[in-house]
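Participant: What follows is a single structure, and I will ask about it in a moment.
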Amino acid sequence: MTMYLWLKLLAFGFAFLDTGVFVTGEESPGLNSTEKPSVLAPSDPLPARTTAFSLTSISEREYNSSETTPTLSPDNPSTEDFLNSLDNANTLNVTGVTQPPPFPTHADSQAPSAGSDTQTPSSTAIPPALTPAPGKNDTSDQSLTSTSPATSIMTASETVPTTPKQSCDEKYKGISVKYHYDYGSNSFIAKLNVSDDVKCENATCEMNEIHNLPACENKNVTIRHTSCDPPNKIIELDVPPDPESFYLKTCTEPTKANTSICLRLEKKKNFTCEEKKITHVLTCANFSSSNKTETYLEPLSPKQNYSCNLKVSYGANEFLNKNETFETDVGSPKAPPNITCNSTNSTEAMITWESPEDYFDNYVFCLLHASGENCTVLGKEKTEHNLQNLKPYTQYSVSLKASTMGKVQRDGPAVTCEFRTLEDKPTKVRRLLASRISDNSILVKCDPPSDFKGPSNGSYHMEVKTGDAFVKNESQKTCHFPVLYLQYSTKYEFKVYYNNGRHDGTPESVFHSTSYNSKALIAFLVFLIIVTFLALLFVLYKIYDLRNRRSSDIDEQQELVERDDEKQLMSVEPIHADILLETYKRKIADEGRLFLAEFQSIPRVFSKFSIKDARKPFNQNKNRYVDILPYDYNRVELSDINGDAGSNYINASYIDGFKEPRKYIAAQGPRDETVDDFWRMIWEQKATVIVMVTRCEEGNRNKCAEYWPSMEEGTRTFGDVVVKITEYKRCPDYIIQKLNITNVVLLHTRSENYELLIL
């Protein structure tokens with residue numbers, strides 16, 4: 001093999017290893033005088049090594065070379081030696097070229113290190129000498145080693161373009177992405193900011209745009225281009241949220257809405273984007289804020305439009321930019337000018353005014369008076385208002401203010417005026433009374449009318465008539481008219497009305513009569529009294545005389561008895577029931593002479609019986625009379641109440657019946673303090689008939705307390721006993737009442753009825 005062939009093989013090796021080649025006296029295409037050729041990065045993939053290839057590709061590096069080169073194949077020993085020499089070559093010393101790192105092989109430990117050569121290449125190529133490589137066992141026992149200081153290995157007539165392509169990762173390392181929202185498809189479009197028409201993996205690129213990206217999607221896209229080599233550029237797509245998810249919401253307080261605007265960025269729906277990457281800028285007129293929860297714009301003018309721009313970004317990508325106009329609420333209007341108030345009559349008034357110049361919606365009209373305030377809303381077209389149904393001669397005040405109806409009602413300053421309604425006919429006088437102050441004099445008086453409907457310092461007028469005849473009239477500042485010297489025993493009509501200075505009120509009438517002449521009657525009454533008194537004295541004398549006669553007659557018919565207690569008692573035989581009525585009529589005859597004799601035979605006190613219990617201090621207030629007391633031996637004893645001294649005492653005594661001891665009970669008329677004890681005695685003694693032989697009051701003296709309920713009450717409680725009236729019957733000489741009693745402590749009701757006989 002000739003030396004020239006080895007040189008060609010050596011040049012092919014340099015090209016295969018992607019090493020820059022310089023030709024003597026020429027610069028390599030693509031490099032200027034200051035640039036260095038590209039160096040294969042350690043991380044870049046190495047060129048693949050083939051096992052069989054032709055030299056025709058190498059011969060193309062020569063211009064019109066006609067030399068035929070043998071085909072390289074694994075069967076050719078020279079080819080194998082060449083490939084081995086390429087594997088074992090550690091460095092190539094080329095001036096101004098940075099060599100790639102050595103490729104490790106099994107013979108690296110035996111290859112000598114070669115330093116860089118700084119010698120300037122000559123214009124004439126000097127073929128390198130072929131010397132054996134130390135320690136290398138090769139088929140030809142030779143190794144290619146450069147011994148010449150020259151770096152050029154080609155003739156001056158040869159130029160080989162061997163500049164490597166830049167990697168796509170390096171070429172597009174500064175690429176940026178712009179997102180646009182497509183409202184038609186509700187998705188984003190990612191625009192790659194690159195001049196080349198790149199191709200995408202994991203996505204479809206059309207004119208450097210990636211379509212149909214959902215909001216908040218995060219994905220990686222690989223781009224490539226024919227102008228660069230792998231590794232390709234990997235772009236991370238971080239898609240912003242849906243711009244329709246955001247809107248500006250007003251948060252202005254209604255009361256401040258006329259001079260301020262509050263805006264808050266709100267979300268319509270949830271999304272999966274990282275909220276910390278979302279930023280926004282809100283610009284309104286001269287106000288600007290960034291990333292604030294709420295933005296307040298103040299002070300502003302009422303009823304004005306303010307344009308605001310909202311920019312929302314996700315990371316460095318702005319995905320929302322929109323303008324909105326917000327209007328402040330209406331302000332308070334000015335006061336209505338030239339208000340006037342005029343009373344037209346006693347119940348009406350006319351109020352007039354002019355409209356304010358600025359904007360307003362309606363009027364608030366208020367009528368103020370002593371009893372309160374009444375307000376109403378009037379239309380904005382109104383310039384007058386007629387007040388009706390007012391009170392006569394009453395002071396009123398009118399308040400009028402313009403009002404706007406925005407988010408809240410805003411009232412302007414109020415203007416006022418006052419007026420008084422005219423007088424009207426007063427009402428009638430009240431409580432007109434006429435009273436006789438003497439036999440022929442009458443006093444007429446009344447209370448003022450309820451409504452004067454005019455001044456209250458008017459006058460009262462009175463007309464006096466008898467029948468159709470006019471008698472007199474009078475006028476006073478007060479309603480007090482003494483009418484003197486009228487005719488005796490005559491009926492008069494008195495008409496009184498009030499005049500308020502403009503109108504007479506409706507008259508009110510009262511009738512009253514004078515009396516007879518009392519002086520003439522006095523003489524007659526004195527005479528009548530004297531005659532009556534004399535007659536009364538005569539009657540009393542006759543009664544006294546008659547009683548004395550009857551007493552003497554009884555004494556003559558009866559035997560004389562000693563005046564000692566029981567011997568003094570009249571002996572009375574029992575009366576058979578068959579002759580009871582006849583005996584009663586006989587004894588009641590002659591004004592009850594026989595009954596009186598029996599009664600008078602009874603001594604007031606039996607000296608042999610003691611009366612100690614009744615006279616004890618704690619029992620004395622239970623006795624109605626100090627000289628009518630029960631004896632100790634036959635008094636009715638009540639059940640004791642613990643801790644109450646005298647609780648068993650009542651002024652009542654047992655009386656024997658016909659062959660029946662203690663058949664009856666004689667009791668005093670109960671006092672108010674002893675009514676409860678009386679009913680306790682009735683309950684304990686099981687008495688069923690009560691005969692009351694006295695009235696509650698006789699001769700203006702209390703004889704007995706009323707110890708039963710009335711029919712209107714129905715029931716009444718006396719201590720532990722509840723008394724209920726069930727029947728009331730009035731007879732000519734007596735009253736029968738039927739009662740039912742219940743002991744509330746024992747919760748027991750007597751089944752029998754109690755009869756109360758009042759004589």
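Residue numbering restarts at 1 for every chain of the structure tokens, chains are lettered A, B, ... in their displayed order, and ligands are numbered from 1 as they appear.
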May I have a table of the residues of range 252-350 of chain A lying at most 12 Å from range 181-204 of chain A, giving each one's closest pair of atoms and their distance in Å to one decimal, counting only C-alpha atoms, ordered by chain and ascending residue number, as JSON lines?

Facilitator:
{"residue": "A:Asn317", "atom": "CA", "partner": "A:Ala190", "partner_atom": "CA", "distance": 10.7}
{"residue": "A:Glu318", "atom": "CA", "partner": "A:Tyr181", "partner_atom": "CA", "distance": 10.7}
{"residue": "A:Phe319", "atom": "CA", "partner": "A:Tyr181", "partner_atom": "CA", "distance": 7.3}
{"residue": "A:Leu320", "atom": "CA", "partner": "A:Tyr181", "partner_atom": "CA", "distance": 8.7}
{"residue": "A:Asn321", "atom": "CA", "partner": "A:Tyr181", "partner_atom": "CA", "distance": 11.2}

Participant: Only N, CA and C atoms, please: the residues just picked out, written as a JSON list (two decimals), in the first residue's frame.

Facilitator:
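Contents of again-v2.json, freshly written:
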[["chain", "number", "residue", "atom", "x", "y", "z"],
["A", 317, "ASN", "N", -46.62, 34.58, 31.85],
["A", 317, "ASN", "CA", -47.52, 34.63, 30.70],
["A", 317, "ASN", "C", -48.80, 35.37, 31.09],
["A", 318, "GLU", "N", -49.08, 36.44, 30.40],
["A", 318, "GLU", "CA", -50.32, 37.19, 30.60],
["A", 318, "GLU", "C", -51.41, 36.52, 29.76],
["A", 319, "PHE", "N", -52.46, 36.07, 30.42],
["A", 319, "PHE", "CA", -53.50, 35.34, 29.71],
["A", 319, "PHE", "C", -54.86, 36.05, 29.74],
["A", 320, "LEU", "N", -54.96, 37.19, 30.47],
["A", 320, "LEU", "CA", -56.21, 37.92, 30.50],
["A", 320, "LEU", "C", -55.91, 39.41, 30.53],
["A", 321, "ASN", "N", -56.49, 40.11, 29.59],
["A", 321, "ASN", "CA", -56.34, 41.56, 29.52],
["A", 321, "ASN", "C", -57.67, 42.11, 29.01]]

Participant: From range 366-594 of chain A, collect each residue whose DSSP state is helix (DSSP H, G or I) and return the set as an MDAnalysis selection string.

Facilitator: chainID A and resid 518:557 565:568 577:594

Participant: Looking only at the backbone, which of the residues in range 354-507 of chain A does DSSP tag as strand (DSSP E), as an NGL selection string?

Facilitator: :A and (362-369 or 372-379 or 384-387 or 395-405 or 409-411 or 415-420 or 430-438 or 441-447 or 459-466 or 469-476 or 480-483 or 491-499)

Participant: Write the residues of the selection above to a file with C-alpha atoms, as a PDB file, in the first residue's frame.

Facilitator:
ATOM      1  CA  ASN A 362     -88.416  62.064  43.503  1.00  0.00           C
ATOM      2  CA  TYR A 363     -89.347  64.257  46.448  1.00  0.00           C
ATOM      3  CA  VAL A 364     -89.768  63.310  50.097  1.00  0.00           C
ATOM      4  CA  PHE A 365     -92.591  65.466  51.469  1.00  0.00           C
ATOM      5  CA  CYS A 366     -93.129  65.502  55.248  1.00  0.00           C
ATOM      6  CA  LEU A 367     -95.924  67.177  57.211  1.00  0.00           C
ATOM      7  CA  LEU A 368     -95.047  67.813  60.851  1.00  0.00           C
ATOM      8  CA  HIS A 369     -97.542  68.663  63.585  1.00  0.00           C
ATOM      9  CA  GLY A 372     -96.342  63.394  64.840  1.00  0.00           C
ATOM     10  CA  GLU A 373     -94.904  63.364  61.342  1.00  0.00           C
ATOM     11  CA  ASN A 374     -96.375  62.010  58.099  1.00  0.00           C
ATOM     12  CA  CYS A 375     -94.091  61.587  55.072  1.00  0.00           C
ATOM     13  CA  THR A 376     -94.903  60.687  51.491  1.00  0.00           C
ATOM     14  CA  VAL A 377     -92.994  60.347  48.211  1.00  0.00           C
ATOM     15  CA  LEU A 378     -93.903  62.667  45.316  1.00  0.00           C
ATOM     16  CA  GLY A 379     -92.966  62.334  41.667  1.00  0.00           C
ATOM     17  CA  GLU A 384     -97.010  71.724  44.128  1.00  0.00           C
ATOM     18  CA  HIS A 385     -98.920  69.621  46.624  1.00  0.00           C
ATOM     19  CA  ASN A 386    -102.414  70.178  48.048  1.00  0.00           C
ATOM     20  CA  LEU A 387    -102.822  69.134  51.681  1.00  0.00           C
ATOM     21  CA  GLN A 395     -99.940  74.960  63.259  1.00  0.00           C
ATOM     22  CA  TYR A 396     -98.165  72.780  60.682  1.00  0.00           C
ATOM     23  CA  SER A 397     -94.605  72.579  59.402  1.00  0.00           C
ATOM     24  CA  VAL A 398     -93.680  71.258  55.958  1.00  0.00           C
ATOM     25  CA  SER A 399     -90.336  69.668  55.056  1.00  0.00           C
ATOM     26  CA  LEU A 400     -89.415  69.008  51.410  1.00  0.00           C
ATOM     27  CA  LYS A 401     -86.239  67.451  50.040  1.00  0.00           C
ATOM     28  CA  ALA A 402     -85.199  65.962  46.707  1.00  0.00           C
ATOM     29  CA  SER A 403     -84.049  62.355  46.718  1.00  0.00           C
ATOM     30  CA  THR A 404     -82.159  59.986  44.462  1.00  0.00           C
ATOM     31  CA  MET A 405     -82.767  56.254  44.365  1.00  0.00           C
ATOM     32  CA  GLN A 409     -81.747  56.427  48.961  1.00  0.00           C
ATOM     33  CA  ARG A 410     -79.819  59.683  49.159  1.00  0.00           C
ATOM     34  CA  ASP A 411     -81.707  62.717  50.349  1.00  0.00           C
ATOM     35  CA  VAL A 415     -86.328  73.141  52.921  1.00  0.00           C
ATOM     36  CA  THR A 416     -89.149  74.007  55.327  1.00  0.00           C
ATOM     37  CA  CYS A 417     -92.056  76.368  55.724  1.00  0.00           C
ATOM     38  CA  GLU A 418     -94.875  76.771  58.264  1.00  0.00           C
ATOM     39  CA  PHE A 419     -98.549  77.652  58.123  1.00  0.00           C
ATOM     40  CA  ARG A 420    -101.708  77.606  60.250  1.00  0.00           C
ATOM     41  CA  ARG A 430    -118.870  68.879  77.250  1.00  0.00           C
ATOM     42  CA  ARG A 431    -120.521  67.735  80.495  1.00  0.00           C
ATOM     43  CA  LEU A 432    -123.165  70.420  80.582  1.00  0.00           C
ATOM     44  CA  LEU A 433    -124.769  70.303  84.046  1.00  0.00           C
ATOM     45  CA  ALA A 434    -127.523  72.287  85.737  1.00  0.00           C
ATOM     46  CA  SER A 435    -127.949  72.189  89.503  1.00  0.00           C
ATOM     47  CA  ARG A 436    -130.302  74.025  91.825  1.00  0.00           C
ATOM     48  CA  ILE A 437    -128.553  76.341  94.274  1.00  0.00           C
ATOM     49  CA  SER A 438    -131.816  77.623  95.804  1.00  0.00           C
ATOM     50  CA  SER A 441    -131.882  79.635  91.329  1.00  0.00           C
ATOM     51  CA  ILE A 442    -129.965  77.230  89.081  1.00  0.00           C
ATOM     52  CA  LEU A 443    -126.233  76.989  88.394  1.00  0.00           C
ATOM     53  CA  VAL A 444    -125.251  75.979  84.826  1.00  0.00           C
ATOM     54  CA  LYS A 445    -121.646  74.892  84.118  1.00  0.00           C
ATOM     55  CA  CYS A 446    -119.784  72.856  81.511  1.00  0.00           C
ATOM     56  CA  ASP A 447    -116.353  71.743  80.330  1.00  0.00           C
ATOM     57  CA  SER A 459    -116.468  83.158  75.038  1.00  0.00           C
ATOM     58  CA  TYR A 460    -119.312  80.923  76.236  1.00  0.00           C
ATOM     59  CA  HIS A 461    -122.940  81.904  75.491  1.00  0.00           C
ATOM     60  CA  MET A 462    -126.102  80.706  77.266  1.00  0.00           C
ATOM     61  CA  GLU A 463    -129.775  81.078  76.355  1.00  0.00           C
ATOM     62  CA  VAL A 464    -132.572  80.402  78.911  1.00  0.00           C
ATOM     63  CA  LYS A 465    -136.056  79.367  77.800  1.00  0.00           C
ATOM     64  CA  THR A 466    -139.181  78.000  79.424  1.00  0.00           C
ATOM     65  CA  ALA A 469    -140.710  81.697  75.816  1.00  0.00           C
ATOM     66  CA  PHE A 470    -137.295  83.327  75.804  1.00  0.00           C
ATOM     67  CA  VAL A 471    -136.139  84.236  79.301  1.00  0.00           C
ATOM     68  CA  LYS A 472    -132.590  85.579  79.075  1.00  0.00           C
ATOM     69  CA  ASN A 473    -129.105  85.075  77.611  1.00  0.00           C
ATOM     70  CA  GLU A 474    -125.646  85.563  79.083  1.00  0.00           C
ATOM     71  CA  SER A 475    -122.015  85.524  77.931  1.00  0.00           C
ATOM     72  CA  GLN A 476    -118.958  84.541  80.017  1.00  0.00           C
ATOM     73  CA  HIS A 480    -120.129  79.066  84.786  1.00  0.00           C
ATOM     74  CA  PHE A 481    -123.613  80.644  84.776  1.00  0.00           C
ATOM     75  CA  PRO A 482    -125.597  81.172  88.012  1.00  0.00           C
ATOM     76  CA  VAL A 483    -129.224  81.912  86.961  1.00  0.00           C
ATOM     77  CA  LYS A 491    -139.002  73.725  84.081  1.00  0.00           C
ATOM     78  CA  TYR A 492    -136.316  75.604  82.144  1.00  0.00           C
ATOM     79  CA  GLU A 493    -134.143  74.817  79.096  1.00  0.00           C
ATOM     80  CA  PHE A 494    -130.523  76.020  79.100  1.00  0.00           C
ATOM     81  CA  LYS A 495    -128.602  76.167  75.769  1.00  0.00           C
ATOM     82  CA  VAL A 496    -124.833  76.712  75.898  1.00  0.00           C
ATOM     83  CA  TYR A 497    -122.315  77.041  73.030  1.00  0.00           C
ATOM     84  CA  TYR A 498    -118.753  78.298  72.517  1.00  0.00           C
ATOM     85  CA  ASN A 499    -117.672  81.090  70.144  1.00  0.00           C
TER      86      ASN A 499
END

Participant: Can you work out which one of A:Arg549, A:Lys303, A:Lys173, A:Lys267 has the shortest atom-to-atom distance to Thr222 in chain A, counting only C-alpha atoms?

Facilitator: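 Of A:Arg549, A:Lys303, A:Lys173, A:Lys267, the one nearest Thr222 in chain A, counting only C-alpha atoms, is A:Lys173.
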